[in-house]
Every structure is written in C-alpha cells, then in structure tokens.
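Q: Shown below is the structure under consideration.
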Amino acid sequence: MELRRWDEARRALDEALNEARASEDSPILAQAHLAAGVFAANRDDRERAEAFLLDALERFHRRDDRASLQGRGWAFLNLASIYGKTGRFDLAFVTFTKAQDVLGAAQDWAGVAAAWEAQAQLRRAIHDEDRWREDLAEAVLFYDRDGMKAKADRLRALLGKKLV
C-alpha cells in the first residue's frame with residue numbers, strides 16, 4: 001500500500017482477511033478488519049472503510065487487554081477521520097476524543113498524538129484557526145512524550161513562532 005501498488009495490496013489484504021476469517025480468532029479478525037478499513041479509507045471507499053472499522057471496533061470491545069485497547073483507539077481514530085471527511089463534524093470530534101482517551105488508557109502516546117494531529121487537520125479544514133493550533137500543540141506534547149522528536153519538530157514549525 002505504501003508503495004501505491006494498490007492491486008497487489010488489495011490481493012494481499014483479501015488473502016489476509018480470508019485467513020483471519022478461517023482462523024476464527026477474534027483478535028486476529030479485528031486486526032484484519034482494522035487493516036481493511038484503513039486500506040479502504042486510503043482508496044476513498046469511505047462506506048466500505050466505515051463498515052470494516054465498525055466491525056473491528058465491535059470485535060476489539062470484546063477484550064480489555066492492551067492490544068485490544070490500542071486496536072479500539074486506532075479504529076476510533078480512523079472512523080473520526082472518515083466522519084470529518086464526510087461532513088459529520090460533531091460525530092468526528094466526539095470520536096477523536098474517544099480515540100484520545102482509549103489510546104491514552106493503552107499508553108499509546110504516538111496514537112494519542114496522531115489523534116490530536118488528525119483533529120487539528122480537521123479543525124484547520126473548517127477554518128477553526130485558534131483551536132487547530134491548540135490541537136496541534138497537544139500532538140507535539142504527545143509526540144515528544146513518545147520520543148518522536150523529528151515529528152514533534154515538524155509540527156512545531158507549522159505552529160510558527162508560538163512556542164510549544
């Protein structure tokens with residue numbers, strides 16, 4: 001997918017989904033549906049992405065271990081992004097908050113940062129200038145907390161002269 005070899009990525013993903021279904025292992029199937037949802041979102045197939053992500057979310061809710069919390073948080077994050085792209089802004093912001101909370105509970109600081117960053121992007125897209133900066137500053141704090149200095153510095157540069 002990262003190489004933009006979409007057909008190969010789709011075949012590999014379909015094969016992984018089939019293997020996950022055959023395994024009947026709910027955590028594996030949840031991860032496979034999360035991956036399929038992310039893939040569909042990257043292909044702008046938002047309806048399919050939302051369906052996969054909601055299925056993954058439901059499966060991740062069956063367990064409370066760290067991996068399930070992380071999966072739940074990333075499913076929320078990706079759903080929030082889809083909601084924002086489809087104009088469901090209230091639902092997007094509520095879902096971003098849920099992603100931040102769940103990823104925080106899992107101590108996935110890079111995930112919390114990614115949720116704040118994605119929320120900032122949505123706020124900027126809707127011209128909420130003050131709040132996008134605040135959200136981006138939160139992302140910087142969590143990227144720093146996770147030791148992701150280069151990412152934090154890149155976002156600091158977007159904030160301009162305002163110190164974070």
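FYI, nothing fancy with the structure tokens labels: chains A, B, ... in order, residues from 1 per chain, ligands from 1 as they appear.
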Just list the residues in region 14-157 of chain A DSSP gives alpha helix (DSSP H) on the backbone, as a count of residues only.
A: 122
Q: For Lys85 (chain A), list every protein, DNA or RNA residue within 10 Å, evaluated using only C-alpha atoms, and leave out those in the same chain fewer than 6 positions away; present the list as an MDAnalysis selection string.
A: chainID A and resid 44 46 79 92 122 125
Q: Check the smallest atom-to-atom distance from each of A:Glu19, A:Gly104, A:Leu141, A:Asp135 to Arg66 (chain A) using only C-alpha atoms, then report the winner.
A: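 Under the stated criterion, the closest residue is A:Gly104.
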Q: Would you list the contacts of Arg154 (chain A) as a PDB file with N, CA, C and O atoms, in the first residue's frame, taking every protein, DNA or RNA residue within 12 Å and counting only C-alpha atoms, but skipping same-chain residues closer than 4 positions in sequence?
A:
ATOM      1  N   GLU A 117      -3.335  15.274  16.137  1.00  0.00           N
ATOM      2  CA  GLU A 117      -2.906  15.847  14.854  1.00  0.00           C
ATOM      3  C   GLU A 117      -4.029  15.769  13.818  1.00  0.00           C
ATOM      4  O   GLU A 117      -4.287  16.737  13.097  1.00  0.00           O
ATOM      5  N   LEU A 136      -2.870  20.983  17.621  1.00  0.00           N
ATOM      6  CA  LEU A 136      -1.544  20.640  17.114  1.00  0.00           C
ATOM      7  C   LEU A 136      -0.505  20.708  18.233  1.00  0.00           C
ATOM      8  O   LEU A 136       0.398  19.867  18.304  1.00  0.00           O
ATOM      9  N   ALA A 137      -0.665  21.671  19.127  1.00  0.00           N
ATOM     10  CA  ALA A 137       0.241  21.767  20.277  1.00  0.00           C
ATOM     11  C   ALA A 137       0.117  20.531  21.162  1.00  0.00           C
ATOM     12  O   ALA A 137       1.123  20.020  21.680  1.00  0.00           O
ATOM     13  N   ALA A 139      -0.666  17.552  20.086  1.00  0.00           N
ATOM     14  CA  ALA A 139       0.017  16.497  19.330  1.00  0.00           C
ATOM     15  C   ALA A 139       1.523  16.568  19.574  1.00  0.00           C
ATOM     16  O   ALA A 139       2.173  15.538  19.792  1.00  0.00           O
ATOM     17  N   VAL A 140       2.079  17.771  19.557  1.00  0.00           N
ATOM     18  CA  VAL A 140       3.514  17.953  19.790  1.00  0.00           C
ATOM     19  C   VAL A 140       3.905  17.389  21.151  1.00  0.00           C
ATOM     20  O   VAL A 140       4.907  16.668  21.276  1.00  0.00           O
ATOM     21  N   TYR A 143       3.876  13.573  20.906  1.00  0.00           N
ATOM     22  CA  TYR A 143       4.993  13.062  20.099  1.00  0.00           C
ATOM     23  C   TYR A 143       6.295  13.167  20.889  1.00  0.00           C
ATOM     24  O   TYR A 143       7.117  12.257  20.876  1.00  0.00           O
ATOM     25  N   ASP A 144       6.471  14.284  21.599  1.00  0.00           N
ATOM     26  CA  ASP A 144       7.652  14.423  22.459  1.00  0.00           C
ATOM     27  C   ASP A 144       7.669  13.339  23.537  1.00  0.00           C
ATOM     28  O   ASP A 144       8.707  12.731  23.804  1.00  0.00           O
ATOM     29  N   MET A 148       9.370  10.997  19.733  1.00  0.00           N
ATOM     30  CA  MET A 148       9.330  11.226  18.288  1.00  0.00           C
ATOM     31  C   MET A 148       9.684  12.687  17.991  1.00  0.00           C
ATOM     32  O   MET A 148       8.860  13.474  17.534  1.00  0.00           O
ATOM     33  N   LYS A 149      10.940  13.035  18.248  1.00  0.00           N
ATOM     34  CA  LYS A 149      11.401  14.409  18.158  1.00  0.00           C
ATOM     35  C   LYS A 149      11.231  15.011  16.757  1.00  0.00           C
ATOM     36  O   LYS A 149      10.776  16.140  16.611  1.00  0.00           O
ATOM     37  N   ALA A 150      11.605  14.264  15.726  1.00  0.00           N
ATOM     38  CA  ALA A 150      11.510  14.795  14.366  1.00  0.00           C
ATOM     39  C   ALA A 150      10.069  15.152  14.011  1.00  0.00           C
ATOM     40  O   ALA A 150       9.803  16.205  13.416  1.00  0.00           O
ATOM     41  N   LEU A 158       5.022  24.142  11.941  1.00  0.00           N
ATOM     42  CA  LEU A 158       3.706  24.558  11.447  1.00  0.00           C
ATOM     43  C   LEU A 158       3.056  25.591  12.361  1.00  0.00           C
ATOM     44  O   LEU A 158       2.278  26.426  11.903  1.00  0.00           O
ATOM     45  N   LEU A 159       3.394  25.491  13.636  1.00  0.00           N
ATOM     46  CA  LEU A 159       2.813  26.428  14.593  1.00  0.00           C
ATOM     47  C   LEU A 159       3.468  27.804  14.507  1.00  0.00           C
ATOM     48  O   LEU A 159       2.939  28.773  15.050  1.00  0.00           O
ATOM     49  N   GLY A 160       4.603  27.874  13.851  1.00  0.00           N
ATOM     50  CA  GLY A 160       5.270  29.162  13.680  1.00  0.00           C
ATOM     51  C   GLY A 160       5.942  29.635  14.946  1.00  0.00           C
ATOM     52  O   GLY A 160       6.544  28.848  15.672  1.00  0.00           O
TER      53      GLY A 160
END
Q: Quick one: residues within 7 Å of Ala20 (chain A), only C-alpha atoms, excluding same-chain residues fewer than 4 positions away - as a ChimeraX atom specification?
A: /A:16,24-25,28-29,32
Q: Using only C-alpha atoms, which residues sit within 12 Å of Arg11 (chain A) once same-chain residues fewer than 5 positions away are excluded, as a list in words?
A: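 So the residues in contact are Met1, Arg5, Trp6, Ala16, Leu17, Asn18, Ala36 and Phe39 of chain A.
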